[in-house]
file coords.tsv (TSV, C-alpha atoms)
chain	number	residue	atom	x	y	z
A	4	MET	CA	0.00	0.00	0.00
A	5	LYS	CA	1.23	3.48	-0.80
A	6	LEU	CA	-0.62	6.39	0.77
A	7	ASN	CA	-0.82	9.49	-1.36
A	8	LYS	CA	0.88	12.61	-0.08
A	9	ALA	CA	-2.38	14.31	0.89
A	10	SER	CA	-3.40	11.38	3.15
A	11	LEU	CA	0.04	11.18	4.71
A	12	PHE	CA	0.25	14.91	5.40
A	13	ALA	CA	-3.29	14.90	6.77
A	14	LEU	CA	-2.46	12.07	9.17
A	15	ILE	CA	0.67	13.90	10.34
A	16	ALA	CA	-1.27	17.13	10.91
A	17	VAL	CA	-4.21	15.48	12.66
A	18	LEU	CA	-1.98	13.41	14.95
A	19	GLU	CA	0.16	16.45	15.74
A	20	LEU	CA	-2.87	18.54	16.71
A	21	ALA	CA	-4.69	15.69	18.47
A	22	SER	CA	-1.65	15.03	20.68
A	23	ASP	CA	-2.70	18.13	22.63
A	24	THR	CA	-6.24	19.28	21.95
A	25	GLU	CA	-5.54	22.68	23.54
A	26	LYS	CA	-2.66	23.30	21.16
A	27	GLN	CA	-2.99	25.73	18.25
A	28	LEU	CA	-0.53	25.42	15.40
A	29	SER	CA	-0.35	27.02	11.97
A	30	ALA	CA	0.16	24.95	8.83
A	31	THR	CA	3.69	26.39	8.70
A	32	ASP	CA	4.43	25.24	12.27
A	33	ILE	CA	3.32	21.68	11.45
A	34	ALA	CA	5.05	21.62	8.06
A	35	GLN	CA	8.35	22.85	9.49
A	36	LYS	CA	8.26	20.42	12.41
A	37	HIS	CA	7.75	17.42	10.12
A	38	GLY	CA	9.71	18.61	7.08
A	39	ILE	CA	6.78	18.67	4.65
A	40	SER	CA	5.51	21.20	2.11
A	41	THR	CA	3.69	24.15	3.73
A	42	HIS	CA	1.91	24.97	0.49
A	43	HIS	CA	0.54	21.43	0.14
A	44	LEU	CA	-0.37	21.20	3.83
A	45	ALA	CA	-2.31	24.50	3.73
A	46	LYS	CA	-4.71	23.00	1.16
A	47	ILE	CA	-5.07	19.83	3.23
A	48	MET	CA	-5.87	21.83	6.37
A	49	ARG	CA	-8.83	23.39	4.55
A	50	ASN	CA	-10.18	19.89	3.78
A	51	LEU	CA	-9.69	18.81	7.39
A	52	THR	CA	-11.51	21.93	8.59
A	53	TYR	CA	-14.38	21.27	6.21
A	54	ALA	CA	-14.58	17.69	7.53
A	55	GLY	CA	-14.78	18.99	11.11
A	56	LEU	CA	-11.58	17.32	12.28
A	57	VAL	CA	-9.79	20.59	12.91
A	58	GLN	CA	-10.98	24.09	13.64
A	59	ALA	CA	-9.37	27.23	12.23
A	60	VAL	CA	-8.66	29.78	14.96
A	61	ARG	CA	-8.41	33.31	13.62
A	62	GLY	CA	-6.47	36.29	14.91
A	63	ALA	CA	-3.03	36.77	16.40
A	64	GLY	CA	-1.60	33.48	17.60
A	65	GLY	CA	-4.28	31.69	15.58
A	66	GLY	CA	-3.83	28.49	13.70
A	67	TYR	CA	-5.55	25.15	13.83
A	68	ARG	CA	-6.86	23.16	16.75
A	69	PHE	CA	-8.08	19.56	16.77
A	70	SER	CA	-11.86	19.41	17.05
A	71	GLY	CA	-12.69	15.72	16.49
A	72	ASN	CA	-12.97	12.77	18.87
A	73	VAL	CA	-9.58	11.10	19.38
A	74	ARG	CA	-11.16	7.91	20.67
A	75	ARG	CA	-13.62	7.52	17.82
A	76	THR	CA	-11.75	8.87	14.79
A	77	THR	CA	-9.73	6.22	12.99
A	78	LEU	CA	-6.82	6.52	10.59
A	79	LEU	CA	-9.15	5.38	7.80
A	80	ASP	CA	-11.57	8.22	8.59
A	81	VAL	CA	-8.76	10.68	7.84
A	82	ILE	CA	-7.36	8.85	4.81
A	83	GLN	CA	-10.75	8.49	3.13
A	84	LEU	CA	-11.09	12.25	2.97
A	85	PHE	CA	-8.33	12.14	0.36
A	86	GLU	CA	-8.41	8.72	-1.33
A	87	THR	CA	-10.55	5.59	-1.57
A	88	LEU	CA	-7.81	2.99	-1.06
A	89	GLU	CA	-9.23	0.95	-3.92
A	90	SER	CA	-6.55	-0.71	-6.03
A	91	GLU	CA	-6.90	-0.30	-9.75
A	92	LEU	CA	-5.33	-2.63	-12.27
A	93	ASP	CA	-3.92	-0.75	-15.19
A	94	VAL	CA	-6.00	-2.59	-17.80
A	95	PRO	CA	-8.44	-1.36	-20.46
A	96	ASN	CA	-12.12	-1.14	-19.50
A	97	TRP	CA	-11.41	-1.42	-15.78
A	98	GLY	CA	-14.60	-2.29	-13.93
A	99	ASN	CA	-16.43	-4.12	-16.74
A	100	ASN	CA	-13.68	-6.30	-18.09
A	101	SER	CA	-14.95	-9.87	-18.63
A	102	ASP	CA	-11.51	-11.52	-18.91
A	103	PRO	CA	-11.47	-14.20	-16.16
A	104	ILE	CA	-7.78	-13.60	-15.43
A	105	ILE	CA	-8.48	-9.91	-14.88
A	106	GLY	CA	-11.48	-10.91	-12.78
A	107	GLU	CA	-9.31	-13.08	-10.56
A	108	LEU	CA	-6.70	-10.34	-10.19
A	109	GLN	CA	-9.47	-7.88	-9.30
A	110	SER	CA	-10.73	-10.29	-6.66
A	111	ILE	CA	-7.25	-10.60	-5.13
A	112	THR	CA	-6.62	-6.85	-5.03
A	113	SER	CA	-10.07	-6.35	-3.54
A	114	GLU	CA	-9.25	-8.85	-0.73
A	115	ILE	CA	-6.01	-6.98	-0.02
A	116	ASP	CA	-7.84	-3.62	-0.05
A	117	ASN	CA	-10.42	-4.93	2.42
A	118	LEU	CA	-7.72	-6.17	4.80
A	119	THR	CA	-5.87	-2.86	4.58
A	120	LYS	CA	-9.04	-0.92	5.32
A	121	ALA	CA	-9.96	-3.24	8.19
A	122	VAL	CA	-6.62	-2.50	9.86
A	123	LEU	CA	-6.74	1.26	9.30
A	124	ASP	CA	-10.36	1.45	10.40
A	125	THR	CA	-9.61	0.03	13.84
A	126	ILE	CA	-6.65	2.18	14.81
A	127	THR	CA	-8.05	5.26	16.48
A	128	LEU	CA	-6.07	8.48	16.78
A	129	ALA	CA	-5.86	7.77	20.54
A	130	THR	CA	-4.24	4.39	19.90
A	131	ALA	CA	-1.82	5.80	17.32
A	132	LEU	CA	-0.86	8.61	19.72
A	133	LYS	CA	-0.38	6.18	22.61
A	134	ASN	CA	1.94	4.05	20.46
A	135	THR	CA	3.74	7.20	19.29
A	136	ARG	CA	4.42	8.19	22.90
A	137	ILE	CA	5.69	4.70	23.77
A	138	ARG	CA	7.96	4.82	20.71
A	139	ALA	CA	9.29	8.26	21.72
A	140	GLU	CA	9.93	7.10	25.31
A	141	LEU	CA	11.76	4.00	24.11
A	142	LYS	CA	13.91	6.13	21.82
A	143	ALA	CA	14.67	8.58	24.62
A	144	ASN	CA	15.51	5.71	26.94
A	145	GLN	CA	17.87	4.18	24.39
A	146	ALA	CA	19.60	7.55	24.06
A	147	SER	CA	20.05	7.85	27.83
A	148	PRO	CA	19.83	4.32	29.31
A	149	GLY	CA	19.74	5.53	32.91
A	150	ARG	CA	16.38	7.22	32.47
A	151	VAL	CA	13.40	5.46	34.01
A	152	ILE	CA	10.17	5.31	32.01
A	153	THR	CA	7.20	5.94	34.26
B	11	MET	CA	-15.50	9.44	43.06
B	12	LYS	CA	-14.18	6.58	40.93
B	13	GLU	CA	-16.42	3.55	40.96
B	14	GLN	CA	-15.01	0.51	42.74
B	15	ILE	CA	-14.74	-2.43	40.38
B	16	SER	CA	-13.58	-5.83	41.53
B	17	ILE	CA	-12.49	-8.63	39.23
B	18	ARG	CA	-13.00	-12.17	40.46
B	19	ASN	CA	-13.43	-15.72	39.18
B	20	ALA	CA	-16.94	-16.49	37.98
B	21	ILE	CA	-19.10	-18.73	40.15
B	22	ALA	CA	-22.15	-20.82	39.23
B	23	SER	CA	-24.62	-18.22	40.51
B	24	ASP	CA	-23.27	-15.64	37.99
B	25	LEU	CA	-24.86	-17.57	35.10
B	26	ASP	CA	-28.03	-15.44	34.70
B	27	ALA	CA	-26.14	-12.14	34.83
B	28	VAL	CA	-23.59	-13.38	32.28
B	29	VAL	CA	-26.32	-14.64	29.92
B	30	SER	CA	-28.00	-11.20	30.08
B	31	LEU	CA	-24.74	-9.40	29.34
B	32	GLY	CA	-23.95	-11.87	26.56
B	33	GLN	CA	-27.30	-11.20	24.90
B	34	VAL	CA	-26.71	-7.44	24.97
B	35	ALA	CA	-23.32	-7.98	23.35
B	36	SER	CA	-24.36	-10.31	20.55
B	37	GLN	CA	-28.15	-9.87	20.20
B	38	ASP	CA	-28.37	-13.61	19.61
B	39	ARG	CA	-29.97	-16.11	21.91
B	40	LYS	CA	-27.62	-19.01	22.41
B	41	PRO	CA	-29.54	-21.87	23.99
B	42	GLY	CA	-27.19	-24.30	25.69
B	43	PHE	CA	-24.08	-22.26	24.94
B	44	TRP	CA	-23.71	-20.55	28.29
B	45	SER	CA	-24.49	-23.60	30.39
B	46	ASN	CA	-21.81	-25.49	28.46
B	47	VAL	CA	-19.36	-22.62	28.98
B	48	PHE	CA	-20.09	-22.52	32.71
B	49	ASP	CA	-19.73	-26.27	32.92
B	50	HIS	CA	-16.38	-26.17	31.14
B	51	TYR	CA	-14.86	-22.94	32.50
B	52	VAL	CA	-16.38	-22.53	35.96
B	53	LEU	CA	-17.42	-25.87	37.40
B	54	ARG	CA	-14.74	-28.29	36.23
B	55	ASP	CA	-11.09	-28.48	37.15
B	56	LYS	CA	-9.70	-25.52	35.20
B	57	ASN	CA	-5.95	-25.07	35.42
B	58	ASP	CA	-5.60	-23.38	32.04
B	59	ARG	CA	-9.10	-21.94	31.70
B	60	PHE	CA	-10.18	-18.57	33.05
B	61	PHE	CA	-13.61	-17.05	33.41
B	62	LEU	CA	-13.54	-13.70	35.20
B	63	VAL	CA	-16.34	-11.31	36.02
B	64	ALA	CA	-16.25	-7.60	36.89
B	65	GLU	CA	-18.44	-6.66	39.82
B	66	SER	CA	-19.67	-3.22	40.81
B	67	GLY	CA	-21.51	-3.26	44.12
B	68	ASN	CA	-23.29	-6.59	43.93
B	69	ARG	CA	-23.86	-6.39	40.22
B	70	ILE	CA	-22.00	-8.19	37.42
B	71	VAL	CA	-21.04	-5.52	34.88
B	72	GLY	CA	-18.64	-7.45	32.68
B	73	PHE	CA	-17.01	-10.77	31.93
B	74	ILE	CA	-14.05	-12.17	30.06
B	75	ILE	CA	-13.23	-15.77	29.18
B	76	GLY	CA	-9.97	-17.22	27.97
B	77	GLU	CA	-7.77	-20.27	28.04
B	78	VAL	CA	-4.44	-21.71	27.02
B	79	ARG	CA	-4.63	-23.62	23.76
B	80	ALA	CA	-1.69	-25.64	22.50
B	81	TRP	CA	-0.74	-26.83	19.02
B	82	GLU	CA	-4.02	-25.90	17.34
B	83	PHE	CA	-3.10	-24.85	13.79
B	84	GLY	CA	0.50	-25.78	14.67
B	85	SER	CA	0.75	-22.95	17.17
B	86	PRO	CA	2.82	-23.38	20.35
B	87	PRO	CA	0.85	-22.85	23.60
B	88	CYS	CA	-0.86	-19.48	23.49
B	89	GLY	CA	-3.56	-17.65	25.43
B	90	TRP	CA	-6.90	-17.10	23.72
B	91	VAL	CA	-9.55	-14.63	24.81
B	92	PHE	CA	-12.77	-15.70	23.15
B	93	ALA	CA	-15.48	-13.74	24.94
B	94	LEU	CA	-15.64	-10.31	26.49
B	95	ALA	CA	-18.53	-8.03	27.35
B	96	VAL	CA	-19.11	-4.92	29.42
B	97	SER	CA	-22.54	-3.61	30.35
B	98	PRO	CA	-23.33	-0.70	27.92
B	99	GLU	CA	-23.86	1.84	30.71
B	100	LYS	CA	-20.51	0.93	32.28
B	101	ARG	CA	-18.36	1.34	29.17
B	102	GLN	CA	-15.45	3.77	28.84
B	103	LEU	CA	-14.64	3.35	32.53
B	104	GLY	CA	-11.68	1.05	31.95
B	105	ILE	CA	-13.50	-2.14	33.02
B	106	GLY	CA	-12.71	-4.02	29.81
B	107	GLN	CA	-9.06	-3.04	30.08
B	108	GLN	CA	-8.95	-4.10	33.75
B	109	MET	CA	-10.43	-7.51	32.90
B	110	PHE	CA	-8.10	-7.97	29.94
B	111	GLU	CA	-5.04	-7.12	32.04
B	112	GLU	CA	-6.19	-9.51	34.76
B	113	ILE	CA	-6.77	-12.42	32.39
B	114	SER	CA	-3.43	-11.70	30.70
B	115	GLN	CA	-1.74	-12.14	34.07
B	116	CYS	CA	-3.63	-15.40	34.63
B	117	LEU	CA	-2.51	-16.64	31.21
B	118	LYS	CA	1.07	-15.57	31.90
B	119	GLN	CA	1.06	-17.48	35.17
B	120	ALA	CA	-0.21	-20.48	33.20
B	121	GLY	CA	2.99	-20.28	31.15
B	122	VAL	CA	2.18	-18.43	27.93
B	123	THR	CA	3.62	-15.19	26.65
B	124	THR	CA	1.19	-14.38	23.84
B	125	VAL	CA	-2.51	-13.68	23.94
B	126	ARG	CA	-4.78	-13.87	20.88
B	127	THR	CA	-8.33	-13.17	20.00
B	128	MET	CA	-10.53	-13.10	16.91
B	129	VAL	CA	-12.99	-10.31	16.16
B	130	ASP	CA	-15.59	-9.75	13.46
B	131	ARG	CA	-14.04	-7.33	10.96
B	132	ASP	CA	-17.18	-5.19	11.11
B	133	ASP	CA	-17.08	-4.87	14.89
B	134	LYS	CA	-15.11	-1.63	14.82
B	135	LEU	CA	-15.70	-0.84	18.49
B	136	LEU	CA	-14.31	-4.14	19.78
B	137	LEU	CA	-11.43	-4.11	17.28
B	138	SER	CA	-10.50	-0.57	18.33
B	139	PHE	CA	-10.68	-1.65	21.97
B	140	PHE	CA	-8.19	-4.49	21.46
B	141	ARG	CA	-5.98	-2.29	19.28
B	142	GLY	CA	-5.93	0.27	22.07
B	143	LEU	CA	-4.59	-2.42	24.40
B	144	GLY	CA	-1.71	-3.11	22.04
B	145	LEU	CA	-2.98	-6.13	20.10
B	146	CYS	CA	-2.19	-6.15	16.39
B	147	SER	CA	-2.35	-8.60	13.47
B	148	GLY	CA	-0.59	-11.82	14.36
B	149	LYS	CA	1.22	-14.38	12.26
B	150	TYR	CA	-1.85	-16.53	11.56
B	151	LEU	CA	-4.48	-15.62	8.99
B	152	GLU	CA	-8.07	-16.79	9.32
B	153	LEU	CA	-9.36	-18.26	6.04
B	154	GLU	CA	-12.86	-19.43	5.20
B	155	LYS	CA	-15.20	-20.33	2.36
B	156	GLN	CA	-18.86	-21.04	1.80
B	157	ILE	CA	-19.49	-24.78	1.47
B	158	ASP	CA	-21.53	-25.57	-1.67

call {"tool": "encode", "arguments": {"input": "coords.tsv", "output": "structure tokens"}}
result
Amino acid sequence: MKLNKASLFALIAVLELASDTEKQLSATDIAQKHGISTHHLAKIMRNLTYAGLVQAVRGAGGGYRFSGNVRRTTLLDVIQLFETLESELDVPNWGNNSDPIIGELQSITSEIDNLTKAVLDTITLATALKNTRIRAELKANQASPGRVIT
Amino acid sequence: MKEQISIRNAIASDLDAVVSLGQVASQDRKPGFWSNVFDHYVLRDKNDRFFLVAESGNRIVGFIIGEVRAWEFGSPPCGWVFALAVSPEKRQLGIGQQMFEEISQCLKQAGVTTVRTMVDRDDKLLLSFFRGLGLCSGKYLELEKQID
């Protein structure tokens, strides 16, 4: 599976903002922190706002704030704002091709797509953030082995 | 004030409460199923089988059932959790997590280091719950087909 850039950037932005729901960050802040295109992210933030996952805060010190439910929003909910995750075989007349070999290949890619979606649809933002924190603590602990993780 | 929840082994008199909770969880009536489960996991000698209930006051608000299974599908001994339910009005209080952690300890004491479960792909809530506890896809794939 290869996520398109819009999905990936959206996931990064949503997870960044959802890690602290009080936090307000501009698209530039998020883009600089994660080394991604500000221009591209600005467009994505508009889509996320329209979907109700983030809220634009106007005025000095404004930016974006997470406005969804971290325990009920899944990675798939975010990704599907930008792509369908349906594989397409690069063959003529995709969708109504009667060639049985193509039909079998379609069936296989559909099974893979369903598995992919099933995984992404059960990882909530809360779970992804929890695992992110564990990963960060492990990394910090490896860097300074004397530190105790509480 | 945080509600006091105690986790204990199920006893025969918990049957009615468990059946009620089980019906809320699955909507299906399962004649004979629960009495067989109680017979197997509560009443008999049960070294590697665990049936725990969560109690709030004098009321059963959740249950979890699991056991050690060895060499099924070629798998070395492993813990399986095959039933879990929490009363709808007591959800999001950490009861499911408390029961899962307790049964994991029971399974660990029984000698296994992995715990597995199987969940309907469409049951997003339960899948998210297990994901949140750190479970992820394992090395076995479930396969099935319709028999003609």

call {"tool": "interface_residues", "arguments": {"input": "coords.tsv", "of": "chain B", "to": "chain A", "cutoff": "12 Å", "atoms": "all atoms listed in the file", "output": "mmCIF file with C-alpha atoms, in the frame of the given file"}}
result
data_model
loop_
_atom_site.group_PDB
_atom_site.id
_atom_site.type_symbol
_atom_site.label_atom_id
_atom_site.label_comp_id
_atom_site.auth_asym_id
_atom_site.auth_seq_id
_atom_site.Cartn_x
_atom_site.Cartn_y
_atom_site.Cartn_z
ATOM 1 C CA GLN B 102 -15.450 3.770 28.840
ATOM 2 C CA VAL B 129 -12.990 -10.310 16.160
ATOM 3 C CA ASP B 130 -15.590 -9.750 13.460
ATOM 4 C CA ARG B 131 -14.040 -7.330 10.960
ATOM 5 C CA ASP B 132 -17.180 -5.190 11.110
ATOM 6 C CA ASP B 133 -17.080 -4.870 14.890
ATOM 7 C CA LYS B 134 -15.110 -1.630 14.820
ATOM 8 C CA LEU B 135 -15.700 -0.840 18.490
ATOM 9 C CA LEU B 136 -14.310 -4.140 19.780
ATOM 10 C CA LEU B 137 -11.430 -4.110 17.280
ATOM 11 C CA SER B 138 -10.500 -0.570 18.330
ATOM 12 C CA PHE B 139 -10.680 -1.650 21.970
ATOM 13 C CA PHE B 140 -8.190 -4.490 21.460
ATOM 14 C CA ARG B 141 -5.980 -2.290 19.280
ATOM 15 C CA GLY B 142 -5.930 0.270 22.070
ATOM 16 C CA LEU B 143 -4.590 -2.420 24.400
ATOM 17 C CA GLY B 144 -1.710 -3.110 22.040
ATOM 18 C CA LEU B 145 -2.980 -6.130 20.100
ATOM 19 C CA CYS B 146 -2.190 -6.150 16.390
ATOM 20 C CA SER B 147 -2.350 -8.600 13.470
ATOM 21 C CA GLY B 148 -0.590 -11.820 14.360
ATOM 22 C CA LEU B 151 -4.480 -15.620 8.990
ATOM 23 C CA GLU B 152 -8.070 -16.790 9.320
ATOM 24 C CA LEU B 153 -9.360 -18.260 6.040
#

call {"tool": "residues_around", "arguments": {"input": "coords.tsv", "residues": "Ile82 (chain A)", "least_positions_apart": "3", "cutoff": "10 Å", "atoms": "only C-alpha atoms", "output": "PyMOL selection string"}}
result
chain A and resi 6-7+9-14+77-79+85-88+120+123-124

call {"tool": "residues_around", "arguments": {"input": "coords.tsv", "residues": "region 39-46 of chain A", "least_positions_apart": "6", "cutoff": "9 Å", "atoms": "only C-alpha atoms", "output": "number ranges by chain"}}
result
A: 8-9, 12-13, 16, 29-33

call {"tool": "atom_distance", "arguments": {"input": "coords.tsv", "atom1": "CA of Arg136 (chain A)", "atom2": "CA of Ile15 (chain A)"}}
result
14.3 Å

call {"tool": "residues_around", "arguments": {"input": "coords.tsv", "residues": "Ile21 (chain B)", "least_positions_apart": "3", "cutoff": "10 Å", "atoms": "only C-alpha atoms", "output": "PDB file with C-alpha atoms, keeping the file's coordinate frame"}}
result
ATOM      1  CA  ARG B  18     -13.000 -12.170  40.460  1.00  0.00           C
ATOM      2  CA  ASP B  24     -23.270 -15.640  37.990  1.00  0.00           C
ATOM      3  CA  LEU B  25     -24.860 -17.570  35.100  1.00  0.00           C
ATOM      4  CA  PHE B  48     -20.090 -22.520  32.710  1.00  0.00           C
ATOM      5  CA  TYR B  51     -14.860 -22.940  32.500  1.00  0.00           C
ATOM      6  CA  VAL B  52     -16.380 -22.530  35.960  1.00  0.00           C
ATOM      7  CA  LEU B  53     -17.420 -25.870  37.400  1.00  0.00           C
ATOM      8  CA  PHE B  61     -13.610 -17.050  33.410  1.00  0.00           C
ATOM      9  CA  LEU B  62     -13.540 -13.700  35.200  1.00  0.00           C
ATOM     10  CA  VAL B  63     -16.340 -11.310  36.020  1.00  0.00           C
TER      11      VAL B  63
END

call {"tool": "residues_around", "arguments": {"input": "coords.tsv", "residues": "region 108-113 of chain B", "least_positions_apart": "5", "cutoff": "8 Å", "atoms": "all atoms listed in the file", "output": "PDB file with C-alpha atoms, in the frame of the given file"}}
result
ATOM      1  CA  ILE B  17     -12.490  -8.630  39.230  1.00  0.00           C
ATOM      2  CA  PHE B  60     -10.180 -18.570  33.050  1.00  0.00           C
ATOM      3  CA  LEU B  62     -13.540 -13.700  35.200  1.00  0.00           C
ATOM      4  CA  VAL B  63     -16.340 -11.310  36.020  1.00  0.00           C
ATOM      5  CA  ALA B  64     -16.250  -7.600  36.890  1.00  0.00           C
ATOM      6  CA  PHE B  73     -17.010 -10.770  31.930  1.00  0.00           C
ATOM      7  CA  ILE B  74     -14.050 -12.170  30.060  1.00  0.00           C
ATOM      8  CA  ILE B  75     -13.230 -15.770  29.180  1.00  0.00           C
ATOM      9  CA  GLY B  76      -9.970 -17.220  27.970  1.00  0.00           C
TER      10      GLY B  76
END

call {"tool": "atom_distance", "arguments": {"input": "coords.tsv", "atom1": "CA of Lys100 (chain B)", "atom2": "CA of Lys40 (chain B)"}}
result
23.4 Å

call {"tool": "atom_distance", "arguments": {"input": "coords.tsv", "atom1": "CA of Leu20 (chain A)", "atom2": "CA of Leu103 (chain B)"}}
result
24.9 Å

call {"tool": "residues_around", "arguments": {"input": "coords.tsv", "residues": "region 21-24 of chain A", "least_positions_apart": "4", "cutoff": "8 Å", "atoms": "only C-alpha atoms", "output": "PyMOL selection string"}}
result
chain A and resi 17+68-70+73+128+132

call {"tool": "residues_near_point", "arguments": {"input": "coords.tsv", "point": "(-27.4, -11.0, 33.3)", "cutoff": "12 Å", "atoms": "all atoms listed in the file", "output": "mmCIF file with C-alpha atoms, keeping the file's coordinate frame"}}
result
data_model
loop_
_atom_site.group_PDB
_atom_site.id
_atom_site.type_symbol
_atom_site.label_atom_id
_atom_site.label_comp_id
_atom_site.auth_asym_id
_atom_site.auth_seq_id
_atom_site.Cartn_x
_atom_site.Cartn_y
_atom_site.Cartn_z
ATOM 1 C CA SER B 23 -24.620 -18.220 40.510
ATOM 2 C CA ASP B 24 -23.270 -15.640 37.990
ATOM 3 C CA LEU B 25 -24.860 -17.570 35.100
ATOM 4 C CA ASP B 26 -28.030 -15.440 34.700
ATOM 5 C CA ALA B 27 -26.140 -12.140 34.830
ATOM 6 C CA VAL B 28 -23.590 -13.380 32.280
ATOM 7 C CA VAL B 29 -26.320 -14.640 29.920
ATOM 8 C CA SER B 30 -28.000 -11.200 30.080
ATOM 9 C CA LEU B 31 -24.740 -9.400 29.340
ATOM 10 C CA GLY B 32 -23.950 -11.870 26.560
ATOM 11 C CA GLN B 33 -27.300 -11.200 24.900
ATOM 12 C CA VAL B 34 -26.710 -7.440 24.970
ATOM 13 C CA ALA B 35 -23.320 -7.980 23.350
ATOM 14 C CA TRP B 44 -23.710 -20.550 28.290
ATOM 15 C CA VAL B 63 -16.340 -11.310 36.020
ATOM 16 C CA GLU B 65 -18.440 -6.660 39.820
ATOM 17 C CA ARG B 69 -23.860 -6.390 40.220
ATOM 18 C CA ILE B 70 -22.000 -8.190 37.420
ATOM 19 C CA VAL B 71 -21.040 -5.520 34.880
ATOM 20 C CA GLY B 72 -18.640 -7.450 32.680
ATOM 21 C CA PHE B 73 -17.010 -10.770 31.930
ATOM 22 C CA ALA B 95 -18.530 -8.030 27.350
ATOM 23 C CA VAL B 96 -19.110 -4.920 29.420
ATOM 24 C CA SER B 97 -22.540 -3.610 30.350
#

call {"tool": "closest_residue", "arguments": {"input": "coords.tsv", "among": "B:Asp49, B:Val125, B:Phe83, B:Asn57", "to": "Tyr150 (chain B)", "atoms": "all atoms listed in the file"}}
result
B:Phe83
